[in-house]
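Report on the structure given below.
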Amino acid sequence: MLFKKKQPNIGREAMLNSKPARNDQLEWEKNEDGEVAITLKRGDSMKVRVLSKIFWIPEQRTLVLDELGTQVWEMCDGRTTVEAMIRNLSETHKLNTKEAEISLLAYLKKLGQKRLVGFIVDKKDLPKKKKRRSPSGKAWGR
């Protein structure tokens, strides 16, 4: 069983103020149609090597983004906030701000789950850890 480090849950304001950044280990380029093509390479862990002997797993695959996906990908530069991306998409494609927000957040969530992008969040926007009480027993006497 794989154990992943649990990512902190952040609020809506923190998400809107976050800055999506592309995974710098990915290779990508714009093709002649103006679409972004992302090359995803197969991992090299022991598990993947064993599974590739049993099942056919390609060395690499290419993910091609459409016009809207390309626009979002190019804005994921680590400097542009999600809020600015929403405004840009709503103005460019004549969408209601709420429609643009819902669509963009769902798309960014997918990109994040696939580890194509990460999110830069200000430290002040991260949830604060709860302090644990000391197991000294002093709390019992109150």
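By convention here, the chains of the structure tokens are called A, B, ... in the order presented, each chain's residues are numbered starting at 1, and ligands are numbered starting at 1 in the order presented.
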For the structure I just gave you, how does DSSP split region 32-80 of chain A - specifically, which residues are strand (DSSP E or B)? Reply as a PyMOL selection string. chain A and resi 36-41+60-64+77
Would you save the residues from that selection as a short mmCIF file (atom, residue, chain, number, x, y, z; two decimals), in the first residue's frame, using C-alpha atoms?
```cif
data_model
loop_
_atom_site.label_atom_id
_atom_site.label_comp_id
_atom_site.auth_asym_id
_atom_site.auth_seq_id
_atom_site.Cartn_x
_atom_site.Cartn_y
_atom_site.Cartn_z
CA VAL A 36 0.35 22.24 -26.19
CA ALA A 37 1.66 18.66 -26.34
CA ILE A 38 2.92 17.31 -22.99
CA THR A 39 5.16 14.25 -23.03
CA LEU A 40 4.58 11.95 -20.06
CA LYS A 41 7.35 9.42 -19.45
CA GLN A 60 6.02 7.57 -22.99
CA ARG A 61 2.72 9.04 -24.07
CA THR A 62 1.66 12.43 -25.29
CA LEU A 63 -1.17 14.50 -23.89
CA VAL A 64 -2.44 17.17 -26.29
CA ASP A 77 3.51 30.09 -14.83
#
```
Near-Arg22 (chain A) list (7 Å; only C-alpha atoms; drop same-chain fewer than 5 positions) as a PDB file with all heavy atoms, in the first residue's frame:
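Saved as around01.pdb:
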```pdb
ATOM      1  N   CYS A  76      -0.343  28.929 -16.248  1.00  0.00           N
ATOM      2  CA  CYS A  76       0.210  28.246 -15.076  1.00  0.00           C
ATOM      3  C   CYS A  76       1.724  28.478 -15.040  1.00  0.00           C
ATOM      4  O   CYS A  76       2.523  27.566 -15.216  1.00  0.00           O
ATOM      5  CB  CYS A  76      -0.094  26.754 -15.120  1.00  0.00           C
ATOM      6  SG  CYS A  76      -1.816  26.343 -14.889  1.00  0.00           S
ATOM      7  N   ASP A  77       2.107  29.705 -14.788  1.00  0.00           N
ATOM      8  CA  ASP A  77       3.515  30.088 -14.826  1.00  0.00           C
ATOM      9  C   ASP A  77       4.104  30.319 -13.447  1.00  0.00           C
ATOM     10  O   ASP A  77       5.274  30.668 -13.311  1.00  0.00           O
ATOM     11  CB  ASP A  77       3.696  31.339 -15.679  1.00  0.00           C
ATOM     12  CG  ASP A  77       2.834  32.500 -15.209  1.00  0.00           C
ATOM     13  OD1 ASP A  77       2.172  32.382 -14.167  1.00  0.00           O
ATOM     14  OD2 ASP A  77       2.828  33.530 -15.905  1.00  0.00           O
ATOM     15  N   LEU A 116       0.601  17.404 -12.981  1.00  0.00           N
ATOM     16  CA  LEU A 116       1.084  18.233 -14.080  1.00  0.00           C
ATOM     17  C   LEU A 116       1.329  19.657 -13.600  1.00  0.00           C
ATOM     18  O   LEU A 116       2.166  20.361 -14.150  1.00  0.00           O
ATOM     19  CB  LEU A 116       0.083  18.227 -15.236  1.00  0.00           C
ATOM     20  CG  LEU A 116      -0.213  16.855 -15.854  1.00  0.00           C
ATOM     21  CD1 LEU A 116      -1.280  16.978 -16.933  1.00  0.00           C
ATOM     22  CD2 LEU A 116       1.032  16.230 -16.410  1.00  0.00           C
ATOM     23  N   VAL A 117       0.579  20.083 -12.593  1.00  0.00           N
ATOM     24  CA  VAL A 117       0.787  21.397 -11.989  1.00  0.00           C
ATOM     25  C   VAL A 117       0.785  21.264 -10.472  1.00  0.00           C
ATOM     26  O   VAL A 117       0.232  20.313  -9.913  1.00  0.00           O
ATOM     27  CB  VAL A 117      -0.292  22.440 -12.405  1.00  0.00           C
ATOM     28  CG1 VAL A 117      -0.288  22.688 -13.891  1.00  0.00           C
ATOM     29  CG2 VAL A 117      -1.661  22.048 -11.918  1.00  0.00           C
ATOM     30  N   GLY A 118       1.401  22.239  -9.834  1.00  0.00           N
ATOM     31  CA  GLY A 118       1.371  22.368  -8.388  1.00  0.00           C
ATOM     32  C   GLY A 118       0.863  23.761  -8.064  1.00  0.00           C
ATOM     33  O   GLY A 118       0.742  24.604  -8.960  1.00  0.00           O
TER      34      GLY A 118
END
```
From chain A, collect each residue whose DSSP state is alpha helix (DSSP H) and return the set as a PyMOL selection string. chain A and resi 12-17+46-54+67-75+82-92+97-113
Which residues are close to Lys19 (chain A), i.e. within 10 Å by only C-alpha atoms, leaving aside same-chain residues fewer than 3 positions away? Reply as a PyMOL selection string. chain A and resi 14-16+75-85+117-122
Residues within 9 Å of Val72 (chain A), only C-alpha atoms, excluding chain neighbours under 4 positions, as a list in words: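 Surrounding residues, per the criterion: Glu67, Leu68, Cys76, Met85, Leu89, Leu104, Tyr107 and Leu108 of chain A.
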Filtering to N, CA, C and O atoms, could you give me those residues as a PDB file, in the first residue's frame?
```pdb
ATOM      1  N   GLU A  67      -7.539  24.196 -27.289  1.00  0.00           N
ATOM      2  CA  GLU A  67      -7.282  25.639 -27.239  1.00  0.00           C
ATOM      3  C   GLU A  67      -7.434  26.206 -25.823  1.00  0.00           C
ATOM      4  O   GLU A  67      -6.581  26.943 -25.340  1.00  0.00           O
ATOM      5  N   LEU A  68      -8.521  25.840 -25.167  1.00  0.00           N
ATOM      6  CA  LEU A  68      -8.768  26.339 -23.813  1.00  0.00           C
ATOM      7  C   LEU A  68      -7.756  25.772 -22.815  1.00  0.00           C
ATOM      8  O   LEU A  68      -7.230  26.495 -21.961  1.00  0.00           O
ATOM      9  N   CYS A  76      -0.343  28.929 -16.248  1.00  0.00           N
ATOM     10  CA  CYS A  76       0.210  28.246 -15.076  1.00  0.00           C
ATOM     11  C   CYS A  76       1.724  28.478 -15.040  1.00  0.00           C
ATOM     12  O   CYS A  76       2.523  27.566 -15.216  1.00  0.00           O
ATOM     13  N   MET A  85      -6.652  34.244 -13.501  1.00  0.00           N
ATOM     14  CA  MET A  85      -6.955  33.298 -14.578  1.00  0.00           C
ATOM     15  C   MET A  85      -8.459  33.271 -14.841  1.00  0.00           C
ATOM     16  O   MET A  85      -8.890  33.216 -16.000  1.00  0.00           O
ATOM     17  N   LEU A  89     -10.211  34.212 -18.387  1.00  0.00           N
ATOM     18  CA  LEU A  89     -11.063  33.274 -19.124  1.00  0.00           C
ATOM     19  C   LEU A  89     -12.475  33.824 -19.321  1.00  0.00           C
ATOM     20  O   LEU A  89     -13.063  33.653 -20.389  1.00  0.00           O
ATOM     21  N   LEU A 104     -12.683  26.281 -14.331  1.00  0.00           N
ATOM     22  CA  LEU A 104     -11.236  26.372 -14.138  1.00  0.00           C
ATOM     23  C   LEU A 104     -10.790  25.580 -12.914  1.00  0.00           C
ATOM     24  O   LEU A 104      -9.800  24.845 -12.980  1.00  0.00           O
ATOM     25  N   TYR A 107     -10.770  21.927 -13.696  1.00  0.00           N
ATOM     26  CA  TYR A 107      -9.672  21.592 -14.602  1.00  0.00           C
ATOM     27  C   TYR A 107      -8.330  21.614 -13.859  1.00  0.00           C
ATOM     28  O   TYR A 107      -7.513  20.703 -14.015  1.00  0.00           O
ATOM     29  N   LEU A 108      -8.120  22.630 -13.033  1.00  0.00           N
ATOM     30  CA  LEU A 108      -6.877  22.705 -12.266  1.00  0.00           C
ATOM     31  C   LEU A 108      -6.766  21.554 -11.274  1.00  0.00           C
ATOM     32  O   LEU A 108      -5.670  21.052 -11.023  1.00  0.00           O
TER      33      LEU A 108
END
```
Atomic distance CA of Lys47 (chain A) - CA of Glu29 (chain A), expressed in Å with one decimal: 29.5 Å
Kindly give the distance, in Å, that separates CA of Glu59 (chain A) and CA of Ser45 (chain A), rounded to a single decimal.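 Distance between the two atoms: 12.9 Å.
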Provide the CA of Gly43 (chain A) to CA of Lys30 (chain A) distance in Å, to one decimal place. 23.7 Å
